[in-house]
$ cat coords_4.pdb   # PDB, C-alpha atoms
ATOM      1  CA  MET J   1      37.866  40.986  53.641  1.00  0.00           C
ATOM      2  CA  ALA J   2      36.735  38.575  50.945  1.00  0.00           C
ATOM      3  CA  THR J   3      36.333  39.733  47.380  1.00  0.00           C
ATOM      4  CA  VAL J   4      33.565  38.656  45.039  1.00  0.00           C
ATOM      5  CA  ARG J   5      33.984  38.445  41.282  1.00  0.00           C
ATOM      6  CA  THR J   6      31.038  37.997  38.970  1.00  0.00           C
ATOM      7  CA  ALA J   7      30.274  36.861  35.473  1.00  0.00           C
ATOM      8  CA  HIS J   8      27.005  35.907  33.871  1.00  0.00           C
ATOM      9  CA  THR J   9      25.858  33.853  30.913  1.00  0.00           C
ATOM     10  CA  ILE J  10      22.786  34.189  28.742  1.00  0.00           C
ATOM     11  CA  TRP J  11      21.951  31.006  26.802  1.00  0.00           C
ATOM     12  CA  SER J  12      19.377  30.529  24.050  1.00  0.00           C
ATOM     13  CA  GLY J  13      18.193  27.233  22.580  1.00  0.00           C
ATOM     14  CA  ASP J  14      18.933  23.618  23.306  1.00  0.00           C
ATOM     15  CA  LEU J  15      22.389  22.306  24.138  1.00  0.00           C
ATOM     16  CA  PRO J  16      23.543  20.969  20.748  1.00  0.00           C
ATOM     17  CA  SER J  17      22.426  23.881  18.569  1.00  0.00           C
ATOM     18  CA  GLY J  18      21.996  26.696  21.070  1.00  0.00           C
ATOM     19  CA  SER J  19      24.457  29.404  21.936  1.00  0.00           C
ATOM     20  CA  GLY J  20      25.247  31.824  24.671  1.00  0.00           C
ATOM     21  CA  GLN J  21      27.366  34.704  25.772  1.00  0.00           C
ATOM     22  CA  VAL J  22      29.505  34.892  28.896  1.00  0.00           C
ATOM     23  CA  THR J  23      30.104  38.393  30.241  1.00  0.00           C
ATOM     24  CA  LEU J  24      32.907  39.214  32.673  1.00  0.00           C
ATOM     25  CA  ASP J  25      31.029  41.607  34.931  1.00  0.00           C
ATOM     26  CA  SER J  26      33.596  42.473  37.590  1.00  0.00           C
ATOM     27  CA  SER J  27      36.323  43.520  35.197  1.00  0.00           C
ATOM     28  CA  GLY J  28      34.136  44.676  32.343  1.00  0.00           C
ATOM     29  CA  LEU J  29      36.683  43.117  29.974  1.00  0.00           C
ATOM     30  CA  GLY J  30      34.161  41.726  27.584  1.00  0.00           C
ATOM     31  CA  THR J  31      31.508  39.336  26.419  1.00  0.00           C
ATOM     32  CA  TYR J  32      32.448  36.026  24.826  1.00  0.00           C
ATOM     33  CA  ASP J  33      30.395  33.642  22.693  1.00  0.00           C
ATOM     34  CA  VAL J  34      29.975  30.055  23.933  1.00  0.00           C
ATOM     35  CA  THR J  35      28.501  26.985  22.234  1.00  0.00           C
ATOM     36  CA  TRP J  36      28.385  23.250  22.824  1.00  0.00           C
ATOM     37  CA  LYS J  37      30.404  22.750  19.636  1.00  0.00           C
ATOM     38  CA  ALA J  38      33.155  25.013  21.034  1.00  0.00           C
ATOM     39  CA  ARG J  39      33.119  22.883  24.156  1.00  0.00           C
ATOM     40  CA  ALA J  40      33.003  19.394  22.649  1.00  0.00           C
ATOM     41  CA  GLU J  41      34.587  19.846  19.202  1.00  0.00           C
ATOM     42  CA  GLN J  42      36.399  22.865  17.694  1.00  0.00           C
ATOM     43  CA  SER J  43      36.325  26.342  19.214  1.00  0.00           C
ATOM     44  CA  GLU J  44      35.880  28.231  15.924  1.00  0.00           C
ATOM     45  CA  GLY J  45      36.342  31.599  17.634  1.00  0.00           C
ATOM     46  CA  LYS J  46      34.132  30.815  20.605  1.00  0.00           C
ATOM     47  CA  THR J  47      35.069  29.882  24.154  1.00  0.00           C
ATOM     48  CA  SER J  48      33.995  27.185  26.599  1.00  0.00           C
ATOM     49  CA  PRO J  49      33.789  26.732  30.359  1.00  0.00           C
ATOM     50  CA  GLU J  50      36.944  24.613  30.145  1.00  0.00           C
ATOM     51  CA  GLU J  51      38.909  27.350  28.382  1.00  0.00           C
ATOM     52  CA  LEU J  52      37.793  29.812  31.046  1.00  0.00           C
ATOM     53  CA  ILE J  53      38.887  27.338  33.739  1.00  0.00           C
ATOM     54  CA  ALA J  54      42.251  26.968  31.968  1.00  0.00           C
ATOM     55  CA  ALA J  55      42.679  30.748  31.987  1.00  0.00           C
ATOM     56  CA  ALA J  56      41.807  30.959  35.670  1.00  0.00           C
ATOM     57  CA  HIS J  57      44.053  28.054  36.613  1.00  0.00           C
ATOM     58  CA  SER J  58      47.085  29.318  34.675  1.00  0.00           C
ATOM     59  CA  ALA J  59      46.758  32.797  36.193  1.00  0.00           C
ATOM     60  CA  CYS J  60      46.206  31.502  39.725  1.00  0.00           C
ATOM     61  CA  PHE J  61      49.103  29.048  39.545  1.00  0.00           C
ATOM     62  CA  SER J  62      51.467  31.736  38.208  1.00  0.00           C
ATOM     63  CA  MET J  63      50.515  34.002  41.103  1.00  0.00           C
ATOM     64  CA  ALA J  64      50.818  31.189  43.676  1.00  0.00           C
ATOM     65  CA  PHE J  65      54.230  30.216  42.282  1.00  0.00           C
ATOM     66  CA  SER J  66      55.474  33.825  42.407  1.00  0.00           C
ATOM     67  CA  HIS J  67      54.217  34.123  45.984  1.00  0.00           C
ATOM     68  CA  ALA J  68      55.875  30.860  47.038  1.00  0.00           C
ATOM     69  CA  LEU J  69      59.156  32.029  45.497  1.00  0.00           C
ATOM     70  CA  GLY J  70      58.874  35.299  47.425  1.00  0.00           C
ATOM     71  CA  GLU J  71      58.593  33.348  50.646  1.00  0.00           C
ATOM     72  CA  GLU J  72      61.916  31.722  49.672  1.00  0.00           C
ATOM     73  CA  GLY J  73      63.461  35.153  49.107  1.00  0.00           C
ATOM     74  CA  LYS J  74      63.465  34.684  45.326  1.00  0.00           C
ATOM     75  CA  THR J  75      61.943  36.792  42.556  1.00  0.00           C
ATOM     76  CA  PRO J  76      61.235  35.280  39.154  1.00  0.00           C
ATOM     77  CA  ASP J  77      62.276  37.132  36.020  1.00  0.00           C
ATOM     78  CA  ARG J  78      59.530  35.420  34.057  1.00  0.00           C
ATOM     79  CA  VAL J  79      56.779  32.894  34.741  1.00  0.00           C
ATOM     80  CA  GLU J  80      54.721  31.346  31.945  1.00  0.00           C
ATOM     81  CA  THR J  81      52.059  28.800  32.791  1.00  0.00           C
ATOM     82  CA  LYS J  82      49.901  26.906  30.334  1.00  0.00           C
ATOM     83  CA  ALA J  83      46.848  24.999  31.546  1.00  0.00           C
ATOM     84  CA  GLU J  84      45.301  22.252  29.433  1.00  0.00           C
ATOM     85  CA  VAL J  85      41.841  21.164  30.554  1.00  0.00           C
ATOM     86  CA  ASP J  86      40.613  17.833  29.173  1.00  0.00           C
ATOM     87  CA  PHE J  87      36.838  17.613  28.716  1.00  0.00           C
ATOM     88  CA  GLN J  88      35.070  14.380  27.847  1.00  0.00           C
ATOM     89  CA  PRO J  89      31.390  14.810  26.856  1.00  0.00           C
ATOM     90  CA  GLY J  90      29.248  12.694  29.146  1.00  0.00           C
ATOM     91  CA  THR J  91      32.010  12.466  31.755  1.00  0.00           C
ATOM     92  CA  GLY J  92      33.178  16.022  32.395  1.00  0.00           C
ATOM     93  CA  ILE J  93      36.618  17.405  33.126  1.00  0.00           C
ATOM     94  CA  THR J  94      38.939  14.411  33.291  1.00  0.00           C
ATOM     95  CA  ALA J  95      42.357  16.036  33.706  1.00  0.00           C
ATOM     96  CA  ILE J  96      44.235  19.297  33.916  1.00  0.00           C
ATOM     97  CA  HIS J  97      47.888  19.587  32.993  1.00  0.00           C
ATOM     98  CA  LEU J  98      49.886  22.643  34.010  1.00  0.00           C
ATOM     99  CA  THR J  99      53.102  23.435  32.171  1.00  0.00           C
ATOM    100  CA  LEU J 100      55.383  25.918  33.917  1.00  0.00           C
ATOM    101  CA  ASP J 101      58.304  27.572  32.164  1.00  0.00           C
ATOM    102  CA  ALA J 102      60.083  29.993  34.466  1.00  0.00           C
ATOM    103  CA  THR J 103      63.272  31.987  34.707  1.00  0.00           C
ATOM    104  CA  VAL J 104      64.382  32.298  38.312  1.00  0.00           C
ATOM    105  CA  PRO J 105      67.944  33.423  39.063  1.00  0.00           C
ATOM    106  CA  ASP J 106      69.936  31.557  41.714  1.00  0.00           C
ATOM    107  CA  LEU J 107      67.424  28.780  42.358  1.00  0.00           C
ATOM    108  CA  SER J 108      68.373  25.112  42.344  1.00  0.00           C
ATOM    109  CA  GLU J 109      66.383  22.631  40.282  1.00  0.00           C
ATOM    110  CA  GLU J 110      65.409  20.791  43.465  1.00  0.00           C
ATOM    111  CA  ASP J 111      64.071  23.944  45.129  1.00  0.00           C
ATOM    112  CA  PHE J 112      62.340  24.960  41.918  1.00  0.00           C
ATOM    113  CA  GLN J 113      60.459  21.661  41.687  1.00  0.00           C
ATOM    114  CA  ARG J 114      59.567  21.774  45.396  1.00  0.00           C
ATOM    115  CA  VAL J 115      58.198  25.333  45.135  1.00  0.00           C
ATOM    116  CA  ALA J 116      56.317  24.529  41.917  1.00  0.00           C
ATOM    117  CA  GLN J 117      54.642  21.481  43.486  1.00  0.00           C
ATOM    118  CA  ALA J 118      53.710  23.482  46.592  1.00  0.00           C
ATOM    119  CA  ALA J 119      52.219  26.208  44.392  1.00  0.00           C
ATOM    120  CA  LYS J 120      50.148  23.625  42.494  1.00  0.00           C
ATOM    121  CA  GLU J 121      48.765  22.256  45.735  1.00  0.00           C
ATOM    122  CA  GLY J 122      48.263  25.677  47.350  1.00  0.00           C
ATOM    123  CA  CYS J 123      46.762  27.509  44.394  1.00  0.00           C
ATOM    124  CA  PRO J 124      43.135  28.400  45.281  1.00  0.00           C
ATOM    125  CA  VAL J 125      41.936  27.324  41.825  1.00  0.00           C
ATOM    126  CA  SER J 126      43.692  23.952  42.191  1.00  0.00           C
ATOM    127  CA  GLN J 127      41.939  23.579  45.518  1.00  0.00           C
ATOM    128  CA  ALA J 128      38.579  24.526  44.003  1.00  0.00           C
ATOM    129  CA  LEU J 129      39.137  21.901  41.303  1.00  0.00           C
ATOM    130  CA  ALA J 130      40.051  19.151  43.761  1.00  0.00           C
ATOM    131  CA  GLY J 131      37.325  16.950  42.258  1.00  0.00           C
ATOM    132  CA  VAL J 132      39.480  16.579  39.143  1.00  0.00           C
ATOM    133  CA  LYS J 133      41.445  13.439  39.936  1.00  0.00           C
ATOM    134  CA  ASP J 134      44.359  14.135  37.596  1.00  0.00           C
ATOM    135  CA  ILE J 135      45.983  17.558  37.972  1.00  0.00           C
ATOM    136  CA  SER J 136      49.573  17.235  36.811  1.00  0.00           C
ATOM    137  CA  LEU J 137      52.520  19.593  36.465  1.00  0.00           C
ATOM    138  CA  THR J 138      55.570  19.750  34.242  1.00  0.00           C
ATOM    139  CA  ALA J 139      57.994  22.450  35.361  1.00  0.00           C
ATOM    140  CA  THR J 140      61.044  23.732  33.488  1.00  0.00           C
ATOM    141  CA  LEU J 141      63.538  26.094  35.106  1.00  0.00           C
ATOM    142  CA  HIS J 142      65.709  28.546  33.215  1.00  0.00           C
ATOM    143  CA  SER J 143      68.360  30.394  35.167  1.00  0.00           C
TER     144      SER J 143
END

$ encode --input "coords_4.pdb" --output "C-alpha cells"
Amino acid sequence: MATVRTAHTIWSGDLPSGSGQVTLDSSGLGTYDVTWKARAEQSEGKTSPEELIAAAHSACFSMAFSHALGEEGKTPDRVETKAEVDFQPGTGITAIHLTLDATVPDLSEEDFQRVAQAAKEGCPVSQALAGVKDISLTATLHS
C-alpha cells in the first residue's frame, strides 16, 4: 500500500520581499521559515526548497545504499551522505552532488562503488529528480 506524506506552505507578499512558512504535516516535526533571499542568497536561519530537497535526497540515498548493501549480504557500520543542490535563479536546480562516506566491513572498493552507483540510480528521490541533468556522486569507503 502506498504511503502519502504531506507538508504545506503559507506565503505572504511578493517573491523578493515576501516570506513563508513550510510545515511538515505528516511528521509534525515543525514549521520552518522560507524566503527568496534564503533561496537565492544567504540562508540567515531560514530554509529553501533546495535545502529541503537536499535533506530528502541525502536521506533517501542513505536508505537505498543500506538496502542495496543488504541485498549483497553486507551491513554498513555507518553511512553519511551529504547532498548539495545547486540553484541558479532564473534557471532552477542545475546540479546535485551526493557525497557518501561509509564504513562497511569486508567490502571491496569495486563492490562499494558499484553498490553506491546502483543506489544513486535506484533511489526514489533520484528518480523523482531525473529532470536534473547533473546528479553526481563521490563515494569514500572506510573498512

$ atom_distance --input "coords_4.pdb" --atom1 "CA of Ala102 (chain J)" --atom2 "CA of Glu72 (chain J)"
15.4 Å

$ residues_around --input "coords_4.pdb" --residues "Ile53 (chain J)" --least-positions-apart "5" --cutoff "9 Å" --atoms "only C-alpha atoms" --output "ChimeraX atom specification"
/J:48,58,83,85,125

$ resolve_selection --input "coords_4.pdb" --expression "the PyMOL selection byres ((chain J and resi 24) around 12)" --output "ChimeraX atom specification"
/J:5-10,21-23,25-33,52

$ resolve_selection --input "coords_4.pdb" --expression "the PyMOL selection byres ((chain J and resi 39) around 9)" --output "list in words"
Val34, Thr35, Trp36, Lys37, Ala38, Ala40, Glu41, Gln42, Ser43, Lys46, Thr47, Ser48, Pro49, Glu50, Glu51, Phe87 and Pro89 of chain J

$ residues_near_point --input "coords_4.pdb" --point "(62.5, 33.1, 34.1)" --cutoff "10 Å" --atoms "all atoms listed in the file" --output "PDB file with C-alpha atoms, in the coordinates of the input"
ATOM      1  CA  THR J  75      61.943  36.792  42.556  1.00  0.00           C
ATOM      2  CA  PRO J  76      61.235  35.280  39.154  1.00  0.00           C
ATOM      3  CA  ASP J  77      62.276  37.132  36.020  1.00  0.00           C
ATOM      4  CA  ARG J  78      59.530  35.420  34.057  1.00  0.00           C
ATOM      5  CA  VAL J  79      56.779  32.894  34.741  1.00  0.00           C
ATOM      6  CA  GLU J  80      54.721  31.346  31.945  1.00  0.00           C
ATOM      7  CA  ASP J 101      58.304  27.572  32.164  1.00  0.00           C
ATOM      8  CA  ALA J 102      60.083  29.993  34.466  1.00  0.00           C
ATOM      9  CA  THR J 103      63.272  31.987  34.707  1.00  0.00           C
ATOM     10  CA  VAL J 104      64.382  32.298  38.312  1.00  0.00           C
ATOM     11  CA  PRO J 105      67.944  33.423  39.063  1.00  0.00           C
ATOM     12  CA  THR J 140      61.044  23.732  33.488  1.00  0.00           C
ATOM     13  CA  LEU J 141      63.538  26.094  35.106  1.00  0.00           C
ATOM     14  CA  HIS J 142      65.709  28.546  33.215  1.00  0.00           C
ATOM     15  CA  SER J 143      68.360  30.394  35.167  1.00  0.00           C
TER      16      SER J 143
END

$ build_atoms --input "coords_4.pdb" --residues "region 13-25 of chain J" --atoms "N, CA and C atoms" --output "compact mmCIF listing (two decimals), keeping the file's coordinate frame"
# COMPACT_ATOMS: atom_id res chain seq x y z
N GLY J 13 18.31 28.47 23.34
CA GLY J 13 18.19 27.23 22.58
C GLY J 13 18.60 26.02 23.37
N ASP J 14 18.56 24.88 22.66
CA ASP J 14 18.93 23.62 23.31
C ASP J 14 20.46 23.52 23.37
N LEU J 15 20.94 22.44 23.98
CA LEU J 15 22.39 22.31 24.14
C LEU J 15 23.13 22.12 22.82
N PRO J 16 22.73 21.20 21.95
CA PRO J 16 23.54 20.97 20.75
C PRO J 16 23.57 22.13 19.76
N SER J 17 22.46 22.83 19.59
CA SER J 17 22.43 23.88 18.57
C SER J 17 22.29 25.28 19.15
N GLY J 18 22.14 25.39 20.44
CA GLY J 18 22.00 26.70 21.07
C GLY J 18 23.32 27.43 21.18
N SER J 19 23.24 28.62 21.74
CA SER J 19 24.46 29.40 21.94
C SER J 19 24.23 30.36 23.09
N GLY J 20 25.33 30.89 23.56
CA GLY J 20 25.25 31.82 24.67
C GLY J 20 26.38 32.83 24.63
N GLN J 21 26.31 33.71 25.60
CA GLN J 21 27.37 34.70 25.77
C GLN J 21 27.69 34.81 27.26
N VAL J 22 28.99 34.72 27.54
CA VAL J 22 29.50 34.89 28.90
C VAL J 22 30.04 36.31 28.99
N THR J 23 29.63 37.03 30.02
CA THR J 23 30.10 38.39 30.24
C THR J 23 30.89 38.45 31.55
N LEU J 24 32.08 39.01 31.48
CA LEU J 24 32.91 39.21 32.67
C LEU J 24 32.47 40.53 33.31
N ASP J 25 31.64 40.42 34.33
CA ASP J 25 31.03 41.61 34.93
C ASP J 25 31.98 42.42 35.80
